[in-house]
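Peer 1: Contents are mmCIF, C-alpha atoms and all ligand atoms; file name entry-v3.cif:
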```
data_target
#
loop_
_atom_site.label_atom_id
_atom_site.label_comp_id
_atom_site.auth_asym_id
_atom_site.auth_seq_id
_atom_site.Cartn_x
_atom_site.Cartn_y
_atom_site.Cartn_z
CA MET A 664 51.82 7.42 145.08
CA THR A 665 54.93 9.57 144.53
CA SER A 666 55.22 12.37 147.01
CA LEU A 667 56.18 16.02 146.43
CA ASN A 668 59.30 17.25 148.25
CA CYS A 669 61.05 20.53 148.82
CA GLU A 670 63.77 22.06 150.95
CA ALA A 671 64.95 25.45 152.24
CA ARG A 672 68.31 26.19 153.90
CA LEU A 673 68.28 29.14 156.28
CA ARG A 674 71.10 31.01 157.96
CA LEU A 675 69.83 31.57 161.53
CA PRO A 676 72.63 32.44 164.01
CA ASN A 677 70.26 32.72 167.00
CA LEU A 678 68.22 29.59 166.25
CA PRO A 679 68.69 27.95 169.71
CA SER A 680 66.97 30.90 171.40
CA TYR A 681 63.66 30.51 169.50
CA ILE A 682 63.56 26.99 167.99
CA GLY A 683 61.35 25.85 170.89
CA LEU A 684 58.74 28.49 169.99
CA ILE A 685 58.76 27.47 166.33
CA VAL A 686 58.30 23.79 167.22
CA ASP A 687 55.54 24.63 169.69
CA ARG A 688 53.65 26.67 167.08
CA LEU A 689 53.87 23.89 164.48
CA GLN A 690 52.83 21.27 167.02
CA SER A 691 49.65 23.26 167.69
CA PHE A 692 48.50 22.42 164.14
CA ASP A 693 47.90 18.87 165.39
CA ALA A 694 51.37 17.65 164.43
CA ASP A 695 52.91 14.53 165.87
CA VAL A 696 56.43 15.73 166.79
CA ARG A 697 59.55 13.57 167.17
CA GLN A 698 62.64 15.31 168.52
CA GLU A 699 66.08 13.70 168.62
CA ALA A 700 69.45 15.50 169.02
CA GLN A 701 69.66 18.03 166.16
CA ARG A 702 66.57 16.82 164.27
CA VAL A 703 62.85 17.45 164.65
CA GLY A 704 60.26 15.51 162.60
CA PHE A 705 56.63 16.66 162.17
CA ARG A 706 53.76 14.51 160.93
CA PHE A 707 50.64 16.50 159.99
CA ALA A 708 47.36 15.08 158.69
CA PHE A 709 48.31 16.53 155.29
CA GLY A 710 52.05 15.77 155.05
CA ARG A 711 55.41 15.67 156.79
CA ALA A 712 58.22 18.08 157.60
CA SER A 713 61.62 17.99 159.25
CA PHE A 714 64.19 20.37 160.69
CA ASP A 715 67.90 19.54 160.67
CA MET A 716 69.89 21.94 162.81
CA LYS A 717 73.59 22.73 162.46
CA PRO A 718 75.38 25.69 164.07
CA GLY A 719 73.84 28.80 162.47
CA LEU A 720 71.92 26.75 159.90
CA LEU A 721 68.40 25.31 159.71
CA VAL A 722 67.49 22.92 156.90
CA MET A 723 63.71 22.65 156.52
CA ARG A 724 62.20 19.85 154.43
CA ALA A 725 58.55 19.42 153.50
CA GLU A 726 56.84 16.46 151.91
CA ALA A 727 53.20 15.81 150.95
CA ASP A 728 51.14 13.67 148.61
CA ASP A 729 49.54 16.61 146.79
CA ARG A 730 50.02 20.30 145.92
CA ASP A 731 47.61 21.57 148.57
CA GLY A 732 49.39 19.62 151.30
CA LEU A 733 52.85 20.79 150.22
CA ALA A 734 51.73 24.41 149.91
CA ARG A 735 50.12 24.23 153.37
CA ILE A 736 53.29 22.85 155.00
CA LYS A 737 55.54 25.41 153.26
CA ASP A 738 53.22 28.17 154.46
CA LEU A 739 53.17 26.87 158.07
CA LEU A 740 56.96 26.47 158.25
CA ALA A 741 57.74 29.80 156.58
CA THR A 742 55.21 31.66 158.74
CA ALA A 743 56.57 30.14 161.96
CA VAL A 744 60.12 31.13 160.99
CA GLN A 745 59.06 34.65 160.03
CA VAL A 746 57.21 35.12 163.32
CA TYR A 747 59.95 33.90 165.66
CA ALA A 748 63.24 34.41 163.77
CA LYS A 749 62.70 38.14 163.03
CA GLU A 750 66.02 39.08 164.73
CA ASP A 751 67.90 36.96 162.14
CA GLY A 752 66.05 38.45 159.12
CA PRO A 753 65.54 35.01 157.58
CA GLU A 754 65.69 34.62 153.81
CA ILE A 755 63.62 31.60 152.84
CA ILE A 756 64.05 30.15 149.36
CA TRP A 757 62.48 26.78 148.63
CA SER A 758 63.99 24.40 146.08
CA GLY A 759 62.43 21.19 144.79
CA ASP A 760 58.87 20.43 143.71
CA LEU A 761 56.64 23.45 142.90
CA ALA A 762 59.58 25.80 143.55
CA GLY A 763 58.76 28.17 140.68
CA ASP A 764 54.98 28.09 141.24
CA THR A 765 53.41 31.54 141.51
CA ARG A 766 49.81 30.34 141.97
CA LEU A 767 48.85 30.92 145.58
CA ALA A 768 47.22 27.60 146.59
CA GLN A 769 45.27 29.16 149.45
CA PHE A 770 43.74 31.99 147.36
CA ARG A 771 40.45 32.02 145.42
CA GLU A 772 38.60 34.86 143.76
CA MET A 773 34.95 34.51 144.80
CA THR A 774 31.71 36.01 143.46
CA VAL A 775 28.75 37.09 145.57
CA ALA A 776 25.82 34.83 144.68
CA SER A 777 23.24 35.99 147.23
CA VAL A 778 22.77 38.21 150.28
CA CYS A 779 20.21 37.63 153.02
CA ASP A 780 19.57 39.10 156.46
CA LEU A 781 19.36 36.38 159.12
CA THR A 782 18.62 38.93 161.85
CA PRO A 783 18.74 42.76 162.00
CA HIS A 784 22.55 42.67 162.42
CA MET A 785 23.66 39.41 160.80
CA ARG A 786 23.98 39.15 157.01
CA ARG A 787 24.61 35.85 155.29
CA ILE A 788 26.54 36.18 152.04
CA ARG A 789 26.92 33.23 149.72
CA LEU A 790 30.19 33.25 147.77
CA THR A 791 30.79 31.01 144.79
CA GLY A 792 34.18 29.94 143.46
CA GLU A 793 36.16 27.21 141.74
CA ASP A 794 37.89 24.26 143.32
CA LEU A 795 36.92 24.75 146.98
CA GLN A 796 38.06 21.32 148.33
CA ARG A 797 40.95 22.92 150.13
CA PHE A 798 38.59 24.90 152.38
CA GLY A 799 37.29 21.65 153.89
CA LYS A 800 40.81 20.41 154.64
CA PHE A 801 43.36 21.05 157.40
CA GLY A 802 40.77 21.59 160.17
CA GLY A 803 40.80 25.40 159.82
CA MET A 804 37.29 26.90 159.97
CA HIS A 805 38.09 30.46 158.90
CA VAL A 806 39.23 32.51 155.92
CA ARG A 807 40.90 35.85 155.42
CA VAL A 808 38.51 37.78 153.18
CA LEU A 809 40.20 40.32 150.86
CA PHE A 810 37.96 43.29 150.11
CA PRO A 811 37.98 46.17 147.65
CA THR A 812 37.54 49.44 149.57
CA ARG A 813 36.65 53.03 148.75
CA THR A 814 40.36 53.91 148.49
CA VAL A 815 41.31 50.68 146.65
CA PRO A 816 38.23 49.85 144.55
CA ASP A 817 40.17 47.62 142.16
CA PRO A 818 42.70 45.63 144.18
CA ILE A 819 45.40 43.33 142.82
CA TRP A 820 45.26 39.86 144.39
CA PRO A 821 48.38 38.34 146.01
CA THR A 822 50.61 35.76 144.29
CA LEU A 823 53.03 33.17 145.66
CA GLY A 824 56.62 34.14 146.52
CA SER A 825 59.67 31.87 146.37
CA ASN A 826 59.60 31.73 150.20
CA GLY A 827 56.22 29.94 150.12
CA LEU A 828 54.41 33.04 151.43
CA PRO A 829 52.12 35.51 149.62
CA ILE A 830 53.53 38.50 147.74
CA TRP A 831 51.30 41.55 148.13
CA PRO A 832 51.01 44.49 145.74
CA SER A 833 51.94 48.00 146.91
CA ASP A 834 49.53 49.82 149.26
CA GLU A 835 47.72 51.64 146.39
CA ARG A 836 46.41 48.29 145.03
CA ARG A 837 46.42 46.13 148.17
CA PRO A 838 43.05 44.71 149.22
CA ALA A 839 41.96 45.15 152.85
CA ALA A 840 41.83 41.88 154.83
CA ARG A 841 39.53 40.75 157.65
CA VAL A 842 39.03 37.30 159.16
CA TYR A 843 35.66 35.52 158.88
CA THR A 844 34.34 32.02 159.52
CA ILE A 845 33.17 29.63 156.84
CA ARG A 846 29.66 29.11 158.24
CA ALA A 847 28.87 26.43 155.66
CA LEU A 848 30.76 24.91 152.74
CA ASP A 849 29.37 22.94 149.79
CA ILE A 850 32.29 21.80 147.68
CA ASP A 851 30.19 20.07 145.00
CA ALA A 852 27.91 23.07 144.51
CA GLY A 853 30.94 25.40 144.69
CA PHE A 854 29.86 27.82 147.41
CA MET A 855 30.52 28.92 150.97
CA ASP A 856 28.34 30.96 153.30
CA VAL A 857 29.88 33.68 155.44
CA ASP A 858 27.84 35.46 158.15
CA PHE A 859 28.82 39.11 158.62
CA LEU A 860 27.96 40.99 161.78
CA VAL A 861 26.91 44.51 160.82
CA HIS A 862 28.39 46.64 163.61
CA GLU A 863 28.79 50.34 164.35
CA GLY A 864 31.77 52.49 163.37
CA GLU A 865 34.01 52.92 160.33
CA SER A 866 34.87 49.49 159.00
CA VAL A 867 35.85 47.39 156.00
CA GLY A 868 34.10 44.03 156.41
CA SER A 869 30.87 45.27 157.95
CA ALA A 870 30.67 48.19 155.47
CA TRP A 871 31.26 45.85 152.53
CA ALA A 872 28.57 43.42 153.74
CA LEU A 873 26.07 46.29 153.97
CA GLN A 874 26.47 47.16 150.28
CA ALA A 875 27.14 43.61 148.94
CA LYS A 876 25.30 42.64 145.74
CA PRO A 877 25.32 39.53 143.53
CA GLY A 878 28.14 39.61 141.00
CA GLN A 879 30.64 41.50 143.18
CA LYS A 880 34.11 39.99 143.69
CA VAL A 881 36.16 39.37 146.84
CA GLY A 882 39.27 37.30 147.45
CA ILE A 883 39.59 34.66 150.13
CA MET A 884 42.65 33.01 151.61
CA GLY A 885 42.64 29.96 153.78
CA PRO A 886 41.59 27.97 155.51
CA VAL A 887 43.11 29.57 158.62
CA GLY A 888 42.94 28.61 162.28
CA ARG A 889 43.85 25.61 164.36
CA PRO A 890 41.71 22.48 164.34
CA VAL A 891 39.20 22.08 167.18
CA ARG A 892 40.25 18.92 169.01
CA PRO A 893 37.72 16.06 169.07
CA ALA A 894 36.24 15.62 172.57
CA ASP A 895 33.27 13.99 174.33
CA TRP A 896 32.36 17.23 176.14
CA TYR A 897 32.79 20.92 175.27
CA VAL A 898 32.25 24.25 176.90
CA LEU A 899 31.76 26.81 174.11
CA GLY A 900 31.42 30.56 174.49
CA GLY A 901 31.39 33.55 172.20
CA ASP A 902 29.76 36.78 171.07
CA GLU A 903 28.16 37.49 167.67
CA THR A 904 31.52 37.25 165.87
CA ALA A 905 31.88 33.68 167.17
CA LEU A 906 28.27 32.77 166.47
CA PRO A 907 29.08 31.45 162.96
CA ALA A 908 31.81 29.19 164.38
CA ILE A 909 29.69 27.95 167.30
CA GLY A 910 26.73 27.40 164.95
CA ARG A 911 28.91 25.37 162.61
CA LEU A 912 30.33 23.31 165.50
CA LEU A 913 26.85 22.57 166.89
CA GLU A 914 25.71 21.47 163.45
CA THR A 915 28.72 19.28 162.68
CA LEU A 916 30.06 17.77 165.94
CA PRO A 917 29.03 14.13 166.50
CA ALA A 918 25.53 13.54 167.95
CA PHE A 919 26.90 11.99 171.18
CA THR A 920 28.81 15.20 172.09
CA LYS A 921 27.75 16.75 175.39
CA GLY A 922 28.47 20.11 176.96
CA VAL A 923 27.24 23.66 177.27
CA ALA A 924 27.42 26.71 174.96
CA PHE A 925 26.87 30.41 175.66
CA ILE A 926 26.35 32.95 172.89
CA GLU A 927 26.19 36.66 173.70
CA ILE A 928 23.94 38.74 171.40
CA ALA A 929 22.59 42.30 171.42
CA ASP A 930 18.96 41.31 172.13
CA ARG A 931 16.40 38.61 171.40
CA ASN A 932 16.01 39.74 167.78
CA GLU A 933 19.56 38.49 167.17
CA ARG A 934 18.73 34.88 168.08
CA GLN A 935 18.95 32.64 165.05
CA ALA A 936 17.93 29.07 164.28
CA ILE A 937 20.80 26.61 164.66
CA GLY A 938 20.37 22.97 163.70
CA ASN A 939 22.05 21.72 166.87
CA ALA A 940 22.91 18.08 166.09
CA THR A 941 24.58 17.50 169.49
CA GLN A 942 23.54 17.19 173.11
CA ILE A 943 25.29 20.49 173.92
CA GLU A 944 22.89 22.82 175.76
CA LEU A 945 22.72 26.22 174.12
CA HIS A 946 22.13 29.42 176.15
CA TRP A 947 21.67 32.89 174.68
CA LEU A 948 22.90 35.86 176.72
CA GLU A 949 21.24 39.13 175.68
CA ARG A 950 22.97 42.46 176.37
CA ASN A 951 19.69 44.36 176.07
CA GLY A 952 21.06 47.86 175.62
CA LYS A 953 24.67 47.39 176.77
CA ALA A 954 27.34 47.95 174.11
CA ALA A 955 29.17 44.96 172.62
CA ALA A 956 31.85 43.62 175.01
CA MET A 957 30.58 45.84 177.86
CA ASP A 958 28.42 43.17 179.49
CA GLY A 959 30.77 41.07 181.63
CA ARG A 960 28.48 38.02 181.92
CA LEU A 961 29.79 35.92 179.03
CA ALA A 962 33.24 35.15 180.48
CA GLY A 963 31.71 34.66 183.96
CA GLU A 964 29.14 32.12 182.71
CA VAL A 965 31.75 30.18 180.76
CA LEU A 966 34.15 30.08 183.72
CA SER A 967 31.44 28.96 186.14
CA VAL A 968 30.89 25.71 184.21
CA GLN A 969 32.09 22.56 186.01
CA TRP A 970 34.24 20.40 183.72
CA PRO A 971 33.48 16.66 183.98
CA ARG A 972 36.21 14.46 185.45
CA ASP A 973 35.74 11.62 182.98
CA GLY A 974 36.09 11.51 179.22
CA SER A 975 37.84 13.96 176.88
CA THR A 976 37.00 17.65 177.32
CA PHE A 977 37.64 20.88 175.41
CA GLY A 978 37.07 24.59 176.11
CA TRP A 979 36.50 26.91 173.11
CA PHE A 980 35.96 30.65 173.48
CA ALA A 981 36.07 33.61 171.06
CA ALA A 982 34.95 37.20 171.61
CA GLU A 983 36.34 40.69 172.17
CA ALA A 984 39.95 40.76 173.44
CA THR A 985 39.19 41.50 177.13
CA PRO A 986 36.82 38.60 177.86
CA ALA A 987 39.00 36.34 175.70
CA LYS A 988 42.01 37.15 177.91
CA THR A 989 39.99 36.58 181.09
CA VAL A 990 38.96 33.13 179.89
CA ARG A 991 42.39 32.20 178.53
CA ASP A 992 44.15 33.28 181.75
CA HIS A 993 41.75 31.25 183.85
CA TRP A 994 41.87 28.10 181.74
CA ARG A 995 45.63 28.19 181.22
CA GLY A 996 46.56 29.66 184.62
CA ALA A 997 44.16 28.76 187.44
CA MET A 998 42.97 25.52 185.80
CA GLY A 999 46.39 24.62 184.34
CA LEU A 1000 44.92 23.39 181.04
CA GLY A 1001 47.04 23.32 177.88
CA ARG A 1002 46.54 24.16 174.21
CA ASP A 1003 45.39 20.60 173.59
CA GLN A 1004 42.29 21.25 175.74
CA THR A 1005 41.56 24.94 175.26
CA LEU A 1006 41.36 27.62 172.61
CA ALA A 1007 40.45 31.15 173.75
CA ALA A 1008 40.82 33.74 170.99
CA ALA A 1009 40.33 37.48 170.56
CA TYR A 1010 38.14 37.93 167.46
CA TRP A 1011 38.10 41.72 167.66
CA ARG A 1012 39.38 44.51 169.90
CA ARG A 1013 37.35 47.54 170.91
CA GLY A 1014 38.78 50.57 169.08
CA ALA A 1015 41.19 48.58 166.85
CA ALA A 1016 40.64 47.78 163.17
CA GLY A 1017 41.44 44.46 161.47
CA LEU A 1018 42.52 42.34 164.44
CA MET A 1019 44.20 39.06 163.35
CA ALA A 1020 43.91 39.89 159.64
CA GLY A 1021 47.58 40.87 159.14
C1 LIG B 1101 39.18 33.60 163.47
C2 LIG B 1101 38.15 34.71 163.39
C3 LIG B 1101 36.88 34.43 162.86
C4 LIG B 1101 35.90 35.45 162.78
N1 LIG B 1101 34.69 35.16 162.24
C5 LIG B 1101 33.76 36.15 162.09
C6 LIG B 1101 32.50 35.90 161.46
O1 LIG B 1101 32.24 34.79 160.95
N2 LIG B 1101 31.61 36.92 161.36
C7 LIG B 1101 31.89 38.18 161.86
O2 LIG B 1101 31.05 39.07 161.75
N3 LIG B 1101 33.08 38.45 162.45
C8 LIG B 1101 34.03 37.47 162.56
N4 LIG B 1101 35.24 37.74 163.15
C9 LIG B 1101 35.47 39.07 163.70
C10 LIG B 1101 35.85 40.11 162.63
O3 LIG B 1101 37.03 39.69 161.97
C11 LIG B 1101 36.10 41.45 163.34
O4 LIG B 1101 34.93 41.88 164.00
C12 LIG B 1101 36.61 42.50 162.38
O5 LIG B 1101 37.13 43.57 163.15
C13 LIG B 1101 35.52 43.00 161.46
O6 LIG B 1101 36.10 43.89 160.53
P1 LIG B 1101 35.45 45.30 160.17
O7 LIG B 1101 36.17 45.76 158.96
O8 LIG B 1101 33.97 45.16 160.13
O9 LIG B 1101 35.82 46.22 161.38
P2 LIG B 1101 37.27 46.86 161.66
O10 LIG B 1101 37.67 47.77 160.57
O11 LIG B 1101 38.19 45.72 161.99
O12 LIG B 1101 36.99 47.69 162.99
C14 LIG B 1101 36.38 48.97 162.94
C15 LIG B 1101 35.85 49.33 164.31
O13 LIG B 1101 34.78 48.44 164.59
C16 LIG B 1101 34.99 47.81 165.85
N5 LIG B 1101 34.48 46.45 165.78
C17 LIG B 1101 35.02 45.36 165.18
N6 LIG B 1101 34.27 44.27 165.40
C18 LIG B 1101 33.24 44.67 166.17
C19 LIG B 1101 32.14 44.00 166.74
N7 LIG B 1101 31.95 42.69 166.60
N8 LIG B 1101 31.26 44.72 167.48
C20 LIG B 1101 31.43 46.03 167.68
N9 LIG B 1101 32.46 46.74 167.17
C21 LIG B 1101 33.35 46.06 166.43
C22 LIG B 1101 36.51 47.84 166.06
O14 LIG B 1101 36.81 47.80 167.43
C23 LIG B 1101 36.89 49.14 165.42
O15 LIG B 1101 36.70 50.19 166.34
C24 LIG B 1101 36.22 36.76 163.23
C25 LIG B 1101 37.50 37.02 163.71
C26 LIG B 1101 38.45 36.02 163.80
C27 LIG B 1101 39.84 36.34 164.31
#
```
Show this structure as structure tokens.
Ligand SMILES: Cc1cc2nc3c(=O)[nH]c(=O)nc-3n(C[C@H](O)[C@H](O)[C@H](O)COP(=O)(O)OP(=O)(O)OC[C@H]3O[C@@H](n4cnc5c(N)ncnc54)[C@H](O)[C@@H]3O)c2cc1C
Peer 2:
Amino acid sequence: MTSLNCEARLRLPNLPSYIGLIVDRLQSFDADVRQEAQRVGFRFAFGRASFDMKPGLLVMRAEADDRDGLARIKDLLATAVQVYAKEDGPEIIWSGDLAGDTRLAQFREMTVASVCDLTPHMRRIRLTGEDLQRFGKFGGMHVRVLFPTRTVPDPIWPTLGSNGLPIWPSDERRPAARVYTIRALDIDAGFMDVDFLVHEGESVGSAWALQAKPGQKVGIMGPVGRPVRPADWYVLGGDETALPAIGRLLETLPAFTKGVAFIEIADRNERQAIGNATQIELHWLERNGKAAAMDGRLAGEVLSVQWPRDGSTFGWFAAEATPAKTVRDHWRGAMGLGRDQTLAAAYWRRGAAGLMAG
């Protein structure tokens, strides 16, 4: 098979001060990294990349067997550079295969097919769209959902820029973005299910879910997120926003997988049926009247779990920012575990809109 190749040459005077951060970020997408003198090679499940470094200059090369793979690698490299090389104002222009492409590989316009209430506060919305294979690739479980809003009822969807990143319309036509989990994906039937927590306060995602009707359009971009590492044993923890991800993991991890999972919900009416295919023990923690994120038990329960000494192990946690920080600090600090064994993420922050959707 002939592979697709492209290259970008970037003027980055301060590269030595942040190259380590860029490499570390890319490695976290399950890349095998080879570093020698002024060259770094990356091997991802979906393609390859390399950095050649000269004084003030970074030459990035990407190679993959298909369009989706190449687009994914360009996006990962360009995003890492934009995040860490801000001080150098990098200008990224890719040459080579697919250089003039303006179709954003990670974007799909989707149509609401059905809406159903799983519990009083959890709405499952089935979205149909074309060519959804990509959303089962790369190990990312989530999507950025692009919504019309009251102020932008008729948004313009993003296109692909020459830097490999999305180009967005001006604010008057820009859709509002929020991050959600693909609860289930059926590529052959052309749909994905997304479970929306209906929560209090002014919002975009929750408000949209409340009024959603068959035939309405949203955009999605993805998949996003790092792969969950395979392991024999897991400790999983999360609140309602992580329930779709934990539910999907329990339904799809191999049957021999052991461990323990804690899910915090408002009260017993929010329990939902999960087809747990694993030997992971599931515990529901009910707040029973306390506001979301104001019941400190979730982080405490997760941190009190004894990790086995034998076999491969992984800790996965997602909730409001404060408990997520407590768990991350403990796993990374007191327990000295690395990114390869833990993922503790803030899925929302009390009082802040659109966390992680930027
Ligand atoms: C990787 C990832 C995956 C996620 N998957 C899901 C998912 O599958 N389903 C899901 O429902 N959510 C999920 N979330 C969380 C969701 O993105 C946030 O809750 C988001 O803020 C919802 O957007 P919104 O427009 O409804 O509220 P925003 O406009 O973002 O916020 C408005 C107000 O509501 C508050 N708020 C936000 N979330 C909550 C909450 N859970 N409880 C109480 N108050 C809240 C905010 O603090 C703010 O004050 C995920 C987040 C991430 C990062």
Peer 1: Using only C-alpha atoms, find each residue of stretch 824-896 of chain A with at least one atom at most 10 Å away from an atom of stretch 992-1015 of chain A; report its shortest atom-to-atom pair and that distance in Å (one decimal), sort the rows by chain and rising residue number, and return the result as a tab-separated table.
Peer 2:
```
residue	atom	partner	partner_atom	distance
A:Val842	CA	A:Tyr1010	CA	8.4
A:Tyr843	CA	A:Tyr1010	CA	9.3
A:Gly864	CA	A:Gly1014	CA	9.2
A:Arg889	CA	A:Leu1006	CA	8.8
A:Pro890	CA	A:Leu1006	CA	9.7
A:Val891	CA	A:Leu1006	CA	8.1
A:Arg892	CA	A:Asp1003	CA	7.1
A:Pro893	CA	A:Gln1004	CA	9.6
A:Ala894	CA	A:Gln1004	CA	8.9
```
Peer 1: Mind dumping the selected residues with C-alpha atoms as a short mmCIF file (atom, residue, chain, number, x, y, z; two decimals), keeping the file's coordinate frame?
Peer 2:
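Final output, saved to again-v3.cif:
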```cif
data_model
loop_
_atom_site.label_atom_id
_atom_site.label_comp_id
_atom_site.auth_asym_id
_atom_site.auth_seq_id
_atom_site.Cartn_x
_atom_site.Cartn_y
_atom_site.Cartn_z
CA VAL A 842 39.03 37.30 159.16
CA TYR A 843 35.66 35.52 158.88
CA GLY A 864 31.77 52.49 163.37
CA ARG A 889 43.85 25.61 164.36
CA PRO A 890 41.71 22.48 164.34
CA VAL A 891 39.20 22.08 167.18
CA ARG A 892 40.25 18.92 169.01
CA PRO A 893 37.72 16.06 169.07
CA ALA A 894 36.24 15.62 172.57
#
```
Peer 1: Please determine an axis-aligned box that encloses all atoms of ligand LIG 1101 (chain B) listed in the file, with 8 Å added on each side, and express its centre and edge lengths in Å to one decimal as AutoDock Vina command-line options.
Peer 2:
```
--center_x 35.4 --center_y 41.9 --center_z 163.3 --size_x 24.8 --size_y 32.6 --size_z 24.7
```
Peer 1: Check every protein, DNA and RNA residue against ligand LIG 1101 (chain B), keep those with an atom at most 9 Å away (counting only C-alpha atoms and all ligand atoms), and present them as a PyMOL selection string.
Peer 2: chain A and resi 785-786+804-807+839-846+857-872+887-888+902-908+954-956+981-983+1008-1020
Peer 1: Write the residues of the preceding selection, restricted to C-alpha atoms, as a PDB file, in the coordinates of the input.
Peer 2:
```
ATOM      1  CA  MET A 785      23.660  39.410 160.800  1.00  0.00           C
ATOM      2  CA  ARG A 786      23.980  39.150 157.010  1.00  0.00           C
ATOM      3  CA  MET A 804      37.290  26.900 159.970  1.00  0.00           C
ATOM      4  CA  HIS A 805      38.090  30.460 158.900  1.00  0.00           C
ATOM      5  CA  VAL A 806      39.230  32.510 155.920  1.00  0.00           C
ATOM      6  CA  ARG A 807      40.900  35.850 155.420  1.00  0.00           C
ATOM      7  CA  ALA A 839      41.960  45.150 152.850  1.00  0.00           C
ATOM      8  CA  ALA A 840      41.830  41.880 154.830  1.00  0.00           C
ATOM      9  CA  ARG A 841      39.530  40.750 157.650  1.00  0.00           C
ATOM     10  CA  VAL A 842      39.030  37.300 159.160  1.00  0.00           C
ATOM     11  CA  TYR A 843      35.660  35.520 158.880  1.00  0.00           C
ATOM     12  CA  THR A 844      34.340  32.020 159.520  1.00  0.00           C
ATOM     13  CA  ILE A 845      33.170  29.630 156.840  1.00  0.00           C
ATOM     14  CA  ARG A 846      29.660  29.110 158.240  1.00  0.00           C
ATOM     15  CA  VAL A 857      29.880  33.680 155.440  1.00  0.00           C
ATOM     16  CA  ASP A 858      27.840  35.460 158.150  1.00  0.00           C
ATOM     17  CA  PHE A 859      28.820  39.110 158.620  1.00  0.00           C
ATOM     18  CA  LEU A 860      27.960  40.990 161.780  1.00  0.00           C
ATOM     19  CA  VAL A 861      26.910  44.510 160.820  1.00  0.00           C
ATOM     20  CA  HIS A 862      28.390  46.640 163.610  1.00  0.00           C
ATOM     21  CA  GLU A 863      28.790  50.340 164.350  1.00  0.00           C
ATOM     22  CA  GLY A 864      31.770  52.490 163.370  1.00  0.00           C
ATOM     23  CA  GLU A 865      34.010  52.920 160.330  1.00  0.00           C
ATOM     24  CA  SER A 866      34.870  49.490 159.000  1.00  0.00           C
ATOM     25  CA  VAL A 867      35.850  47.390 156.000  1.00  0.00           C
ATOM     26  CA  GLY A 868      34.100  44.030 156.410  1.00  0.00           C
ATOM     27  CA  SER A 869      30.870  45.270 157.950  1.00  0.00           C
ATOM     28  CA  ALA A 870      30.670  48.190 155.470  1.00  0.00           C
ATOM     29  CA  TRP A 871      31.260  45.850 152.530  1.00  0.00           C
ATOM     30  CA  ALA A 872      28.570  43.420 153.740  1.00  0.00           C
ATOM     31  CA  VAL A 887      43.110  29.570 158.620  1.00  0.00           C
ATOM     32  CA  GLY A 888      42.940  28.610 162.280  1.00  0.00           C
ATOM     33  CA  ASP A 902      29.760  36.780 171.070  1.00  0.00           C
ATOM     34  CA  GLU A 903      28.160  37.490 167.670  1.00  0.00           C
ATOM     35  CA  THR A 904      31.520  37.250 165.870  1.00  0.00           C
ATOM     36  CA  ALA A 905      31.880  33.680 167.170  1.00  0.00           C
ATOM     37  CA  LEU A 906      28.270  32.770 166.470  1.00  0.00           C
ATOM     38  CA  PRO A 907      29.080  31.450 162.960  1.00  0.00           C
ATOM     39  CA  ALA A 908      31.810  29.190 164.380  1.00  0.00           C
ATOM     40  CA  ALA A 954      27.340  47.950 174.110  1.00  0.00           C
ATOM     41  CA  ALA A 955      29.170  44.960 172.620  1.00  0.00           C
ATOM     42  CA  ALA A 956      31.850  43.620 175.010  1.00  0.00           C
ATOM     43  CA  ALA A 981      36.070  33.610 171.060  1.00  0.00           C
ATOM     44  CA  ALA A 982      34.950  37.200 171.610  1.00  0.00           C
ATOM     45  CA  GLU A 983      36.340  40.690 172.170  1.00  0.00           C
ATOM     46  CA  ALA A1008      40.820  33.740 170.990  1.00  0.00           C
ATOM     47  CA  ALA A1009      40.330  37.480 170.560  1.00  0.00           C
ATOM     48  CA  TYR A1010      38.140  37.930 167.460  1.00  0.00           C
ATOM     49  CA  TRP A1011      38.100  41.720 167.660  1.00  0.00           C
ATOM     50  CA  ARG A1012      39.380  44.510 169.900  1.00  0.00           C
ATOM     51  CA  ARG A1013      37.350  47.540 170.910  1.00  0.00           C
ATOM     52  CA  GLY A1014      38.780  50.570 169.080  1.00  0.00           C
ATOM     53  CA  ALA A1015      41.190  48.580 166.850  1.00  0.00           C
ATOM     54  CA  ALA A1016      40.640  47.780 163.170  1.00  0.00           C
ATOM     55  CA  GLY A1017      41.440  44.460 161.470  1.00  0.00           C
ATOM     56  CA  LEU A1018      42.520  42.340 164.440  1.00  0.00           C
ATOM     57  CA  MET A1019      44.200  39.060 163.350  1.00  0.00           C
ATOM     58  CA  ALA A1020      43.910  39.890 159.640  1.00  0.00           C
TER      59      ALA A1020
END
```
Peer 1: For A:Glu670, find every residue with an atom within 7 Å (counting all atoms listed in the file), except residues of its own chain fewer than 6 positions away, and show them as a list in words.
Peer 2: Met723, Arg724, Ala725, Trp757, Ser758 and Gly759 of chain A
Peer 1: Measure the distance from atom CA of A:His946 to atom CA of A:Ala847 in Å and round it to one decimal.
Peer 2: 21.8 Å
Peer 1: Looking at only C-alpha atoms, which of A:Asp973, A:Glu754, A:Asp760, A:Asp851 is the one that sits closest to A:Gln796?
Peer 2: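 Residue with the minimum atom-to-atom distance to A:Gln796: A:Asp851.
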Peer 1: At a cut-off of 12 Å, using only C-alpha atoms, what residues contact A:Pro783? Leave out same-chain residues fewer than 3 positions from it and give the result as a PyMOL selection string.
Peer 2: chain A and resi 779-780+786-787+859-862+873+928-935
Peer 1: Point out the residue among A:Met957, A:Leu916, A:Ala768, A:Ala694 with the least atom-to-atom distance to A:Gly824, counting all atoms listed in the file.
Peer 2: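 So, comparing all the options, the nearest one is A:Ala768.
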Peer 1: Could you tell me which of A:Pro971, A:Gly802, A:Pro986, A:Gly763 comes closest to A:Ala708 if we count all atoms listed in the file?
Peer 2: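 Of A:Pro971, A:Gly802, A:Pro986, A:Gly763, the one nearest A:Ala708 is A:Gly802, counting all atoms listed in the file.
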